[in-house]
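Coordinates from entry-v4.cif are shown below (mmCIF, C-alpha atoms).
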```cif
data_target
loop_
_atom_site.label_atom_id
_atom_site.label_comp_id
_atom_site.auth_asym_id
_atom_site.auth_seq_id
_atom_site.Cartn_x
_atom_site.Cartn_y
_atom_site.Cartn_z
CA MET A 1 80.26 106.65 37.27
CA LEU A 2 77.06 105.73 35.51
CA THR A 3 74.46 103.76 37.44
CA ARG A 4 73.25 100.40 36.23
CA ARG A 5 69.89 101.96 35.42
CA THR A 6 71.48 104.68 33.32
CA LEU A 7 73.72 102.26 31.44
CA ALA A 8 70.80 99.96 30.73
CA ALA A 9 68.87 102.88 29.33
CA LEU A 10 71.78 103.88 27.15
CA ALA A 11 72.12 100.34 25.90
CA GLY A 12 68.59 100.65 24.55
CA ALA A 13 65.96 98.13 23.68
CA THR A 14 68.43 95.77 22.01
CA ALA A 15 70.47 95.19 25.15
CA LEU A 16 67.37 94.81 27.29
CA ALA A 17 65.81 92.30 24.95
CA LEU A 18 69.00 90.29 25.01
CA SER A 19 69.11 90.14 28.82
CA LEU A 20 72.08 92.51 28.72
CA ALA A 21 74.58 89.82 27.78
CA ALA A 22 73.46 87.52 24.99
CA PRO A 23 74.75 87.99 21.44
CA ALA A 24 73.12 90.99 19.82
CA MET A 25 71.30 90.20 16.60
CA ALA A 26 70.50 92.56 13.76
CA GLN A 27 69.27 91.33 10.41
CA ASP A 28 70.32 87.76 11.36
CA LYS A 29 73.86 88.94 12.20
CA ILE A 30 75.66 88.84 15.51
CA VAL A 31 76.59 92.40 16.40
CA ILE A 32 79.76 93.10 18.38
CA LYS A 33 80.01 96.65 19.64
CA PHE A 34 83.72 97.35 20.15
CA SER A 35 84.15 100.54 22.17
CA HIS A 36 87.44 102.29 22.92
CA VAL A 37 88.61 105.72 24.05
CA VAL A 38 91.44 106.63 21.65
CA ALA A 39 91.61 107.91 18.08
CA PRO A 40 91.20 105.60 15.07
CA ASP A 41 94.74 106.34 13.88
CA THR A 42 96.45 105.04 17.05
CA PRO A 43 97.81 101.48 17.31
CA LYS A 44 94.69 100.43 19.24
CA GLY A 45 92.39 102.19 16.80
CA LYS A 46 94.04 100.48 13.84
CA GLY A 47 94.00 97.15 15.62
CA ALA A 48 90.27 97.47 16.24
CA ALA A 49 89.68 98.29 12.56
CA LYS A 50 91.76 95.28 11.52
CA PHE A 51 89.77 93.02 13.84
CA GLU A 52 86.53 94.35 12.36
CA GLU A 53 87.74 93.54 8.85
CA LEU A 54 89.03 90.06 9.70
CA ALA A 55 86.15 89.07 11.99
CA GLU A 56 83.57 89.77 9.33
CA ALA A 57 85.63 87.87 6.74
CA TYR A 58 86.42 84.82 8.89
CA THR A 59 82.81 84.39 10.01
CA ASN A 60 81.53 84.67 6.44
CA GLY A 61 79.49 87.72 7.30
CA ALA A 62 77.78 86.15 10.32
CA VAL A 63 79.26 88.85 12.55
CA ASP A 64 78.96 92.61 12.26
CA VAL A 65 81.64 94.42 14.28
CA GLU A 66 80.82 98.04 15.08
CA VAL A 67 83.84 100.02 16.28
CA TYR A 68 83.23 103.14 18.37
CA PRO A 69 86.48 105.12 18.95
CA ASN A 70 87.23 108.33 20.86
CA SER A 71 84.86 107.63 23.78
CA GLN A 72 81.85 107.91 21.47
CA LEU A 73 79.90 105.52 23.68
CA TYR A 74 81.64 105.48 27.07
CA LYS A 75 84.47 107.23 28.86
CA ASP A 76 87.25 105.44 30.72
CA LYS A 77 85.38 105.09 34.00
CA GLU A 78 82.16 103.89 32.37
CA GLU A 79 83.24 101.31 29.83
CA LEU A 80 83.98 98.32 32.07
CA GLU A 81 80.60 98.51 33.75
CA ALA A 82 79.01 98.86 30.32
CA LEU A 83 80.74 95.65 29.23
CA GLN A 84 79.66 93.76 32.33
CA LEU A 85 76.07 94.87 31.75
CA GLY A 86 76.20 93.85 28.09
CA ALA A 87 75.71 97.37 26.72
CA VAL A 88 78.85 96.71 24.65
CA GLN A 89 80.45 93.36 23.86
CA MET A 90 84.14 94.20 23.43
CA LEU A 91 86.65 96.68 24.84
CA ALA A 92 90.41 97.19 24.86
CA PRO A 93 90.98 99.11 28.10
CA SER A 94 94.42 99.97 29.37
CA LEU A 95 95.75 97.45 31.83
CA ALA A 96 95.53 99.98 34.66
CA LYS A 97 91.73 99.85 34.46
CA PHE A 98 91.53 96.42 36.10
CA GLY A 99 92.82 97.62 39.45
CA PRO A 100 89.62 99.52 40.33
CA LEU A 101 87.70 96.45 39.14
CA GLY A 102 89.35 94.44 41.90
CA VAL A 103 92.05 92.67 39.89
CA GLN A 104 95.04 94.63 41.12
CA ASP A 105 97.54 92.12 39.71
CA PHE A 106 97.31 93.94 36.37
CA GLU A 107 98.80 97.04 37.94
CA VAL A 108 102.16 95.28 37.71
CA PHE A 109 102.28 96.64 34.15
CA ASP A 110 102.25 100.18 35.58
CA LEU A 111 105.36 99.73 37.70
CA PRO A 112 108.07 102.15 36.57
CA PHE A 113 111.03 100.75 34.66
CA ILE A 114 109.87 97.12 35.03
CA PHE A 115 110.11 96.41 31.28
CA PRO A 116 113.43 97.43 29.69
CA SER A 117 112.27 96.61 26.15
CA TYR A 118 109.48 95.21 23.99
CA ASP A 119 111.28 91.86 23.94
CA ALA A 120 111.19 91.73 27.74
CA LEU A 121 107.51 92.68 27.70
CA ARG A 122 106.66 89.87 25.26
CA LYS A 123 108.03 87.30 27.69
CA VAL A 124 105.15 88.27 29.96
CA THR A 125 102.26 89.04 27.60
CA GLN A 126 102.93 86.02 25.38
CA GLY A 127 103.85 83.67 28.23
CA GLU A 128 102.23 81.84 31.09
CA VAL A 129 102.23 84.87 33.39
CA GLY A 130 100.13 86.83 30.90
CA LYS A 131 97.66 83.98 30.48
CA ALA A 132 97.29 83.59 34.23
CA LEU A 133 96.52 87.28 34.60
CA LEU A 134 93.79 87.20 31.95
CA ALA A 135 92.22 84.20 33.68
CA LYS A 136 91.74 86.30 36.81
CA LEU A 137 89.13 88.38 34.93
CA GLU A 138 86.66 85.51 34.56
CA ASP A 139 85.22 85.98 38.05
CA LYS A 140 84.23 89.48 36.94
CA GLY A 141 82.23 88.17 33.98
CA ILE A 142 85.01 89.06 31.55
CA ALA A 143 86.96 86.91 29.09
CA GLY A 144 90.44 88.15 28.21
CA LEU A 145 91.40 87.55 24.58
CA ALA A 146 94.74 89.29 23.94
CA TYR A 147 97.26 91.94 24.90
CA TRP A 148 97.77 94.89 22.59
CA ASP A 149 100.67 97.33 22.81
CA ASN A 150 100.55 101.03 22.78
CA GLY A 151 104.06 101.79 23.81
CA PHE A 152 106.48 103.20 26.35
CA LYS A 153 105.53 106.51 27.90
CA ILE A 154 107.09 109.95 27.92
CA MET A 155 106.48 112.70 30.46
CA SER A 156 105.26 116.13 29.40
CA ALA A 157 104.65 119.48 31.09
CA ASN A 158 105.03 123.17 30.49
CA SER A 159 108.39 123.19 32.27
CA PRO A 160 111.48 121.00 31.75
CA LEU A 161 111.43 117.53 33.35
CA HIS A 162 115.07 116.48 33.52
CA VAL A 163 115.46 115.32 37.13
CA PRO A 164 112.97 114.14 39.76
CA ASP A 165 112.99 117.51 41.55
CA ASP A 166 111.53 119.08 38.40
CA PHE A 167 108.21 117.39 39.23
CA LEU A 168 107.81 119.02 42.64
CA GLY A 169 104.30 120.43 42.98
CA LEU A 170 103.25 119.78 39.37
CA LYS A 171 99.68 118.59 38.83
CA MET A 172 100.12 115.51 36.64
CA ARG A 173 97.20 113.75 34.97
CA ILE A 174 97.17 109.97 35.36
CA GLN A 175 94.82 107.10 34.70
CA SER A 176 93.00 105.66 37.68
CA SER A 177 95.83 103.55 39.10
CA LYS A 178 97.23 103.39 42.61
CA VAL A 179 100.61 102.53 41.13
CA LEU A 180 100.62 105.65 38.99
CA GLU A 181 99.54 107.68 42.01
CA ALA A 182 102.50 106.27 43.93
CA GLU A 183 104.77 107.02 40.96
CA MET A 184 103.80 110.68 40.87
CA ASN A 185 103.98 110.97 44.65
CA ALA A 186 107.50 109.51 44.57
CA LEU A 187 108.47 112.26 42.12
CA GLY A 188 106.91 114.94 44.30
CA ALA A 189 104.09 115.66 41.84
CA VAL A 190 100.37 115.87 42.59
CA PRO A 191 98.53 113.05 40.75
CA GLN A 192 95.24 113.99 39.08
CA VAL A 193 92.98 111.16 37.91
CA MET A 194 91.11 112.23 34.78
CA ALA A 195 89.33 110.66 31.81
CA PHE A 196 91.49 110.49 28.70
CA SER A 197 88.94 112.43 26.65
CA GLU A 198 89.25 115.41 29.03
CA VAL A 199 93.04 115.71 29.10
CA TYR A 200 93.62 118.10 26.18
CA GLN A 201 91.28 120.74 27.58
CA ALA A 202 92.70 120.30 31.07
CA LEU A 203 96.22 120.88 29.75
CA GLN A 204 95.08 123.81 27.63
CA THR A 205 93.36 125.56 30.55
CA GLY A 206 95.99 124.72 33.16
CA VAL A 207 93.76 122.46 35.23
CA VAL A 208 96.72 120.08 35.08
CA ASP A 209 100.34 120.91 34.31
CA GLY A 210 101.38 117.74 32.52
CA THR A 211 100.81 114.07 31.89
CA GLU A 212 102.39 110.82 30.72
CA ASN A 213 101.56 109.07 27.46
CA PRO A 214 103.11 107.12 24.62
CA PRO A 215 103.87 109.48 21.72
CA SER A 216 100.98 108.16 19.60
CA ASN A 217 98.42 109.14 22.23
CA MET A 218 100.05 112.49 22.82
CA TYR A 219 100.13 113.30 19.11
CA THR A 220 96.68 112.08 18.07
CA GLN A 221 95.10 114.02 20.93
CA LYS A 222 97.16 117.11 19.98
CA MET A 223 98.62 117.38 23.47
CA HIS A 224 101.90 118.61 21.97
CA GLU A 225 100.07 121.82 21.06
CA VAL A 226 99.58 122.59 24.77
CA GLN A 227 102.78 121.12 26.29
CA LYS A 228 106.04 123.03 25.98
CA HIS A 229 108.35 120.28 27.24
CA ALA A 230 108.54 116.50 27.11
CA THR A 231 111.12 113.97 28.27
CA LEU A 232 111.77 110.71 26.44
CA SER A 233 111.89 108.76 29.67
CA GLY A 234 110.40 105.40 28.63
CA HIS A 235 109.69 105.01 32.34
CA GLY A 236 106.44 103.14 31.98
CA TYR A 237 104.49 100.95 29.61
CA LEU A 238 100.96 101.46 28.35
CA GLY A 239 99.20 98.43 26.98
CA TYR A 240 95.71 97.08 26.63
CA ALA A 241 93.82 93.87 27.16
CA VAL A 242 91.17 93.05 24.57
CA ILE A 243 88.23 91.73 26.55
CA VAL A 244 84.67 90.56 25.95
CA ASN A 245 81.58 89.98 28.01
CA LYS A 246 82.11 86.34 29.05
CA GLN A 247 78.45 85.33 28.87
CA PHE A 248 78.22 86.79 25.37
CA TRP A 249 81.43 85.04 24.28
CA ASP A 250 80.49 81.66 25.76
CA GLY A 251 77.09 81.88 24.08
CA LEU A 252 78.48 82.21 20.56
CA PRO A 253 78.28 79.25 18.16
CA GLU A 254 81.59 77.36 18.16
CA ASP A 255 82.30 78.01 14.49
CA VAL A 256 81.71 81.74 14.92
CA ARG A 257 83.95 81.87 17.98
CA ALA A 258 86.66 79.99 16.08
CA GLY A 259 86.54 82.60 13.32
CA LEU A 260 86.72 85.40 15.85
CA ASP A 261 89.66 83.75 17.62
CA LYS A 262 91.52 83.61 14.32
CA ALA A 263 90.67 87.24 13.58
CA MET A 264 91.81 88.32 17.04
CA ALA A 265 95.13 86.46 16.74
CA GLU A 266 95.90 88.15 13.42
CA ALA A 267 94.67 91.56 14.57
CA THR A 268 96.88 91.23 17.65
CA ASP A 269 99.95 90.47 15.55
CA TYR A 270 99.12 93.45 13.36
CA ALA A 271 98.45 95.89 16.21
CA ASN A 272 101.61 94.93 18.07
CA SER A 273 103.75 95.04 14.93
CA ILE A 274 102.79 98.64 14.20
CA ALA A 275 102.86 100.01 17.75
CA LYS A 276 106.53 101.02 17.83
CA GLU A 277 106.37 102.31 14.26
CA GLU A 278 103.31 104.46 15.04
CA ASN A 279 104.96 105.88 18.13
CA ASP A 280 108.15 106.66 16.24
CA LYS A 281 106.14 108.45 13.55
CA ALA A 282 104.15 110.40 16.14
CA LEU A 283 107.30 111.50 17.93
CA ALA A 284 108.88 112.64 14.66
CA ALA A 285 105.74 114.59 13.76
CA MET A 286 105.68 116.34 17.13
CA GLN A 287 109.36 117.17 16.88
CA ALA A 288 108.76 118.62 13.42
CA ALA A 289 105.84 120.71 14.72
CA GLY A 290 108.24 122.55 17.00
CA THR A 291 105.70 123.35 19.72
CA THR A 292 107.30 121.01 22.26
CA GLU A 293 110.95 120.72 23.25
CA PHE A 294 111.91 117.04 23.67
CA HIS A 295 114.65 116.02 26.06
CA GLU A 296 116.63 112.77 26.03
CA LEU A 297 117.72 111.71 29.51
CA THR A 298 121.43 111.45 30.14
CA ASP A 299 122.72 108.32 31.86
CA GLU A 300 123.05 110.28 35.09
CA GLU A 301 119.52 111.68 34.84
CA ARG A 302 118.07 108.26 34.07
CA ALA A 303 119.80 106.78 37.09
CA ALA A 304 118.22 109.49 39.25
CA TRP A 305 114.75 108.68 37.86
CA VAL A 306 115.23 104.96 38.48
CA ALA A 307 116.42 105.59 42.03
CA ALA A 308 113.45 107.87 42.77
CA LEU A 309 110.91 105.40 41.39
CA GLU A 310 112.34 102.06 42.52
CA PRO A 311 110.66 102.29 45.97
CA VAL A 312 107.27 102.17 44.22
CA HIS A 313 107.83 98.47 43.50
CA GLU A 314 108.11 97.61 47.18
CA GLU A 315 105.38 100.05 48.19
CA MET A 316 102.89 98.44 45.81
CA ALA A 317 103.81 94.81 46.54
CA GLY A 318 101.02 94.51 49.09
CA ARG A 319 98.45 95.76 46.57
CA ILE A 320 99.59 94.02 43.39
CA GLY A 321 100.93 90.91 45.07
CA ALA A 322 104.57 90.20 45.73
CA GLU A 323 104.22 86.89 43.90
CA THR A 324 102.87 88.58 40.77
CA ILE A 325 105.69 91.13 40.74
CA ALA A 326 108.26 88.37 41.27
CA ALA A 327 106.73 86.27 38.47
CA VAL A 328 106.88 89.18 36.03
CA LYS A 329 110.47 90.04 36.95
CA ALA A 330 111.48 86.39 36.61
CA ALA A 331 109.87 86.16 33.16
CA VAL A 332 111.58 89.38 32.06
CA ALA A 333 114.95 88.05 33.22
CA GLU A 334 114.68 84.76 31.28
#
```
Structure translated into structure tokens:
Amino acid sequence: MLTRRTLAALAGATALALSLAAPAMAQDKIVIKFSHVVAPDTPKGKGAAKFEELAEAYTNGAVDVEVYPNSQLYKDKEELEALQLGAVQMLAPSLAKFGPLGVQDFEVFDLPFIFPSYDALRKVTQGEVGKALLAKLEDKGIAGLAYWDNGFKIMSANSPLHVPDDFLGLKMRIQSSKVLEAEMNALGAVPQVMAFSEVYQALQTGVVDGTENPPSNMYTQKMHEVQKHATLSGHGYLGYAVIVNKQFWDGLPEDVRAGLDKAMAEATDYANSIAKEENDKALAAMQAAGTTEFHELTDEERAAWVAALEPVHEEMAGRIGAETIAAVKAAVAE
């Protein structure tokens, strides 16, 4: 992880002059550096581009949004600290990233098979439970603006993954998440925490055997070129929270912030509306490429996966919070 001194240096004179948090100004414009770690043609990448377009329009040119995709500025482990220091103003990290920050409640989104559908997910992200979770970030100097979908994950490896025993001993790349560690342990795999930008090479060289991702991430990072098998498990959800440096956000003129709120609301609707479509297209493209064999779980196989992973919910209750898990399950069941 980068030190504060290193991050401040990388931020440059602009960030230092602005006390590492105040709105960045360039040619009388407020500059918002929006950093993320995925490709521009993913749902998140397209959502960021849409926000850039709308934000500049709805603030009448008062704001200049600079989008930096593909870890151009910071990798997974660096970006949250960069935001807190004011080196960037906006991020859209995966929800798993907030656990290491000390807000483990967000790891509820990582629990296997907790969301049976997008409709069930919306009851959380667009409801009171989702708002309450975002509010927990404020003590960390972060304002949560919205939830963006990526999609439901599939498992991939260089050997078939049909039943839980197929995972025994496999080195599986995961994000930094205790829930995902517990998930892989429950399957008998060996979890390997690794930055997203490093996964393709790790798969190619055999440093790890497999990973889990929504199809759009797998396709845009060309992981299907180095994975012989994948299972359409839909076992887990990958989503993002769009966040800003709270001091920066609170310091914006009210009219500017109102324009940005409107832009974010519309960009969120857009990003979430295309997420499933983008994943469906990515899956079709990978199937057409023929380098990966995709397996659809039978009812019996799915039941075995659910049974193997259900204990993770109870195991993680002490970390995530039993009340948070119960609130999410109650919202899903409404």
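Residues matched by the PyMOL selection byres ((chain A and resi 278) around 9) in this file are Asp41, Thr42, Pro43, Asn150, Pro215, Ser216, Ile274, Ala275, Lys276, Glu277, Asn279, Asp280, Lys281, Ala282 and Leu283 of chain A.
In this comparison, which uses all atoms listed in the file, the residue of A:Tyr118, A:Phe51, A:Tyr58, A:Trp249 approaching Gly144 of chain A most closely is A:Trp249.
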Just give me the residues with any atom within 12 Å of (98.8, 110.2, 26.5), file coordinates, counting only C-alpha atoms, written as a PDB file with C-alpha atoms, in the frame of the given file.
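Result went into point11.pdb, see below:
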```pdb
ATOM      1  CA  VAL A  37      88.610 105.720  24.050  1.00  0.00           C
ATOM      2  CA  VAL A  38      91.440 106.630  21.650  1.00  0.00           C
ATOM      3  CA  ALA A  39      91.610 107.910  18.080  1.00  0.00           C
ATOM      4  CA  THR A  42      96.450 105.040  17.050  1.00  0.00           C
ATOM      5  CA  SER A  94      94.420  99.970  29.370  1.00  0.00           C
ATOM      6  CA  ASN A 150     100.550 101.030  22.780  1.00  0.00           C
ATOM      7  CA  GLY A 151     104.060 101.790  23.810  1.00  0.00           C
ATOM      8  CA  PHE A 152     106.480 103.200  26.350  1.00  0.00           C
ATOM      9  CA  LYS A 153     105.530 106.510  27.900  1.00  0.00           C
ATOM     10  CA  ILE A 154     107.090 109.950  27.920  1.00  0.00           C
ATOM     11  CA  MET A 155     106.480 112.700  30.460  1.00  0.00           C
ATOM     12  CA  SER A 156     105.260 116.130  29.400  1.00  0.00           C
ATOM     13  CA  ALA A 157     104.650 119.480  31.090  1.00  0.00           C
ATOM     14  CA  MET A 172     100.120 115.510  36.640  1.00  0.00           C
ATOM     15  CA  ARG A 173      97.200 113.750  34.970  1.00  0.00           C
ATOM     16  CA  ILE A 174      97.170 109.970  35.360  1.00  0.00           C
ATOM     17  CA  GLN A 175      94.820 107.100  34.700  1.00  0.00           C
ATOM     18  CA  MET A 194      91.110 112.230  34.780  1.00  0.00           C
ATOM     19  CA  ALA A 195      89.330 110.660  31.810  1.00  0.00           C
ATOM     20  CA  PHE A 196      91.490 110.490  28.700  1.00  0.00           C
ATOM     21  CA  SER A 197      88.940 112.430  26.650  1.00  0.00           C
ATOM     22  CA  GLU A 198      89.250 115.410  29.030  1.00  0.00           C
ATOM     23  CA  VAL A 199      93.040 115.710  29.100  1.00  0.00           C
ATOM     24  CA  TYR A 200      93.620 118.100  26.180  1.00  0.00           C
ATOM     25  CA  LEU A 203      96.220 120.880  29.750  1.00  0.00           C
ATOM     26  CA  GLY A 210     101.380 117.740  32.520  1.00  0.00           C
ATOM     27  CA  THR A 211     100.810 114.070  31.890  1.00  0.00           C
ATOM     28  CA  GLU A 212     102.390 110.820  30.720  1.00  0.00           C
ATOM     29  CA  ASN A 213     101.560 109.070  27.460  1.00  0.00           C
ATOM     30  CA  PRO A 214     103.110 107.120  24.620  1.00  0.00           C
ATOM     31  CA  PRO A 215     103.870 109.480  21.720  1.00  0.00           C
ATOM     32  CA  SER A 216     100.980 108.160  19.600  1.00  0.00           C
ATOM     33  CA  ASN A 217      98.420 109.140  22.230  1.00  0.00           C
ATOM     34  CA  MET A 218     100.050 112.490  22.820  1.00  0.00           C
ATOM     35  CA  TYR A 219     100.130 113.300  19.110  1.00  0.00           C
ATOM     36  CA  THR A 220      96.680 112.080  18.070  1.00  0.00           C
ATOM     37  CA  GLN A 221      95.100 114.020  20.930  1.00  0.00           C
ATOM     38  CA  LYS A 222      97.160 117.110  19.980  1.00  0.00           C
ATOM     39  CA  MET A 223      98.620 117.380  23.470  1.00  0.00           C
ATOM     40  CA  HIS A 224     101.900 118.610  21.970  1.00  0.00           C
ATOM     41  CA  GLN A 227     102.780 121.120  26.290  1.00  0.00           C
ATOM     42  CA  ALA A 230     108.540 116.500  27.110  1.00  0.00           C
ATOM     43  CA  GLY A 236     106.440 103.140  31.980  1.00  0.00           C
ATOM     44  CA  TYR A 237     104.490 100.950  29.610  1.00  0.00           C
ATOM     45  CA  LEU A 238     100.960 101.460  28.350  1.00  0.00           C
ATOM     46  CA  GLY A 239      99.200  98.430  26.980  1.00  0.00           C
ATOM     47  CA  ASN A 279     104.960 105.880  18.130  1.00  0.00           C
ATOM     48  CA  ALA A 282     104.150 110.400  16.140  1.00  0.00           C
TER      49      ALA A 282
END
```
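You can rank A:Val190, A:Val65, A:Met286, A:Ala241 by their closest distance to Phe106 of chain A using all atoms listed in the file, and at the top of that list sits A:Ala241.
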Interatomic distance, atom CA of Ala55 of chain A to atom CA of Ile30 of chain A (Å, one decimal): 11.1 Å
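Taking atom CA of Asp76 of chain A as the reference point, atom CA of Ser35 of chain A is found at 10.3 Å.
Using all atoms listed in the file, the smallest distance between any of A:Ala186, A:Ala304, A:Val108, A:Ala288 and Leu121 of chain A comes from A:Val108.
By chain and then residue number, the residues within 12 Å of Ala333 of chain A are Ile114, Phe115, Pro116, Ser117, Asp119, Ala120, Leu121, Arg122, Lys123, Val124, Ala326, Ala327, Val328, Lys329 and Ala330 of chain A, counting all atoms listed in the file and disregarding those fewer than 3 positions away in sequence.
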Explicit residue set for the PyMOL selection byres ((chain A and resi 166) around 12), as a compact mmCIF listing (two decimals) with C-alpha atoms, in the frame of the given file:
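Result written to selection24.txt:
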```txt
# COMPACT_ATOMS: atom_id res chain seq x y z
CA MET A 155 106.48 112.70 30.46
CA SER A 156 105.26 116.13 29.40
CA ALA A 157 104.65 119.48 31.09
CA ASN A 158 105.03 123.17 30.49
CA SER A 159 108.39 123.19 32.27
CA PRO A 160 111.48 121.00 31.75
CA LEU A 161 111.43 117.53 33.35
CA HIS A 162 115.07 116.48 33.52
CA VAL A 163 115.46 115.32 37.13
CA PRO A 164 112.97 114.14 39.76
CA ASP A 165 112.99 117.51 41.55
CA PHE A 167 108.21 117.39 39.23
CA LEU A 168 107.81 119.02 42.64
CA GLY A 169 104.30 120.43 42.98
CA LEU A 170 103.25 119.78 39.37
CA LYS A 171 99.68 118.59 38.83
CA MET A 184 103.80 110.68 40.87
CA LEU A 187 108.47 112.26 42.12
CA GLY A 188 106.91 114.94 44.30
CA ALA A 189 104.09 115.66 41.84
CA GLY A 210 101.38 117.74 32.52
CA HIS A 229 108.35 120.28 27.24
CA ALA A 230 108.54 116.50 27.11
CA THR A 231 111.12 113.97 28.27
CA GLU A 301 119.52 111.68 34.84
CA ALA A 304 118.22 109.49 39.25
CA TRP A 305 114.75 108.68 37.86
```
Name the closest residue to Asn185 of chain A among the candidates A:Leu133, A:Ala267, A:Ala92, A:Val312; distances are taken between atoms, counting all atoms listed in the file. A:Val312
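Between atom CA of Glu181 of chain A and atom CA of Val193 of chain A the separation is 8.5 Å.
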Find, counting only C-alpha atoms, the residue in A:Ala146, A:Val306, A:Ala289, A:Ala57 that gets nearest to Val256 of chain A. A:Ala57
Expand the PyMOL selection byres ((chain A and resi 83) around 12) into the individual residues it matches in the shown file, reporting them as a ChimeraX atom specification. /A:4,7-8,11,15,20-22,32-36,73-74,76-82,84-93,140-143,242-249
I'd like the box whose edges run along x, y and z of the file and which contains every listed atom of segment 317-328 of chain A, padded by 5 Å per side; could you state its centre and edge lengths in Å, one decimal, as AutoDock Vina command-line options?
```
--center_x 103.4 --center_y 91.0 --center_z 42.6 --size_x 19.8 --size_y 19.5 --size_z 23.1
```
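Using all atoms listed in the file for every distance, the candidate list A:Ile325, A:Ala284, A:Ala135, A:Leu54 yields A:Leu54 as the residue closest to Asp261 of chain A.
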Using only C-alpha atoms, which protein or nucleic acid residues come within 6 Å of segment 270-273 of chain A? Drop anything in the same chain fewer than 6 positions from it, and give the result as a ChimeraX atom specification. /A:43,47,148-149
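Polymer residues near (77.2, 91.3, 11.9): counting all atoms listed in the file with a cut-off of 10 Å, they are Ala24, Met25, Ala26, Gln27, Asp28, Lys29, Ile30, Val31, Ile32, Lys33, Glu52, Ala55, Glu56, Thr59, Asn60, Gly61, Ala62, Val63, Asp64, Val65 and Glu66 of chain A.
Using only C-alpha atoms, the residues found no farther than 9 Å from Leu180 of chain A, other than those of its own chain fewer than 6 positions away, are Ala96, Glu107, Asp110, Leu111, Pro112, Ile174 and Pro191 of chain A.
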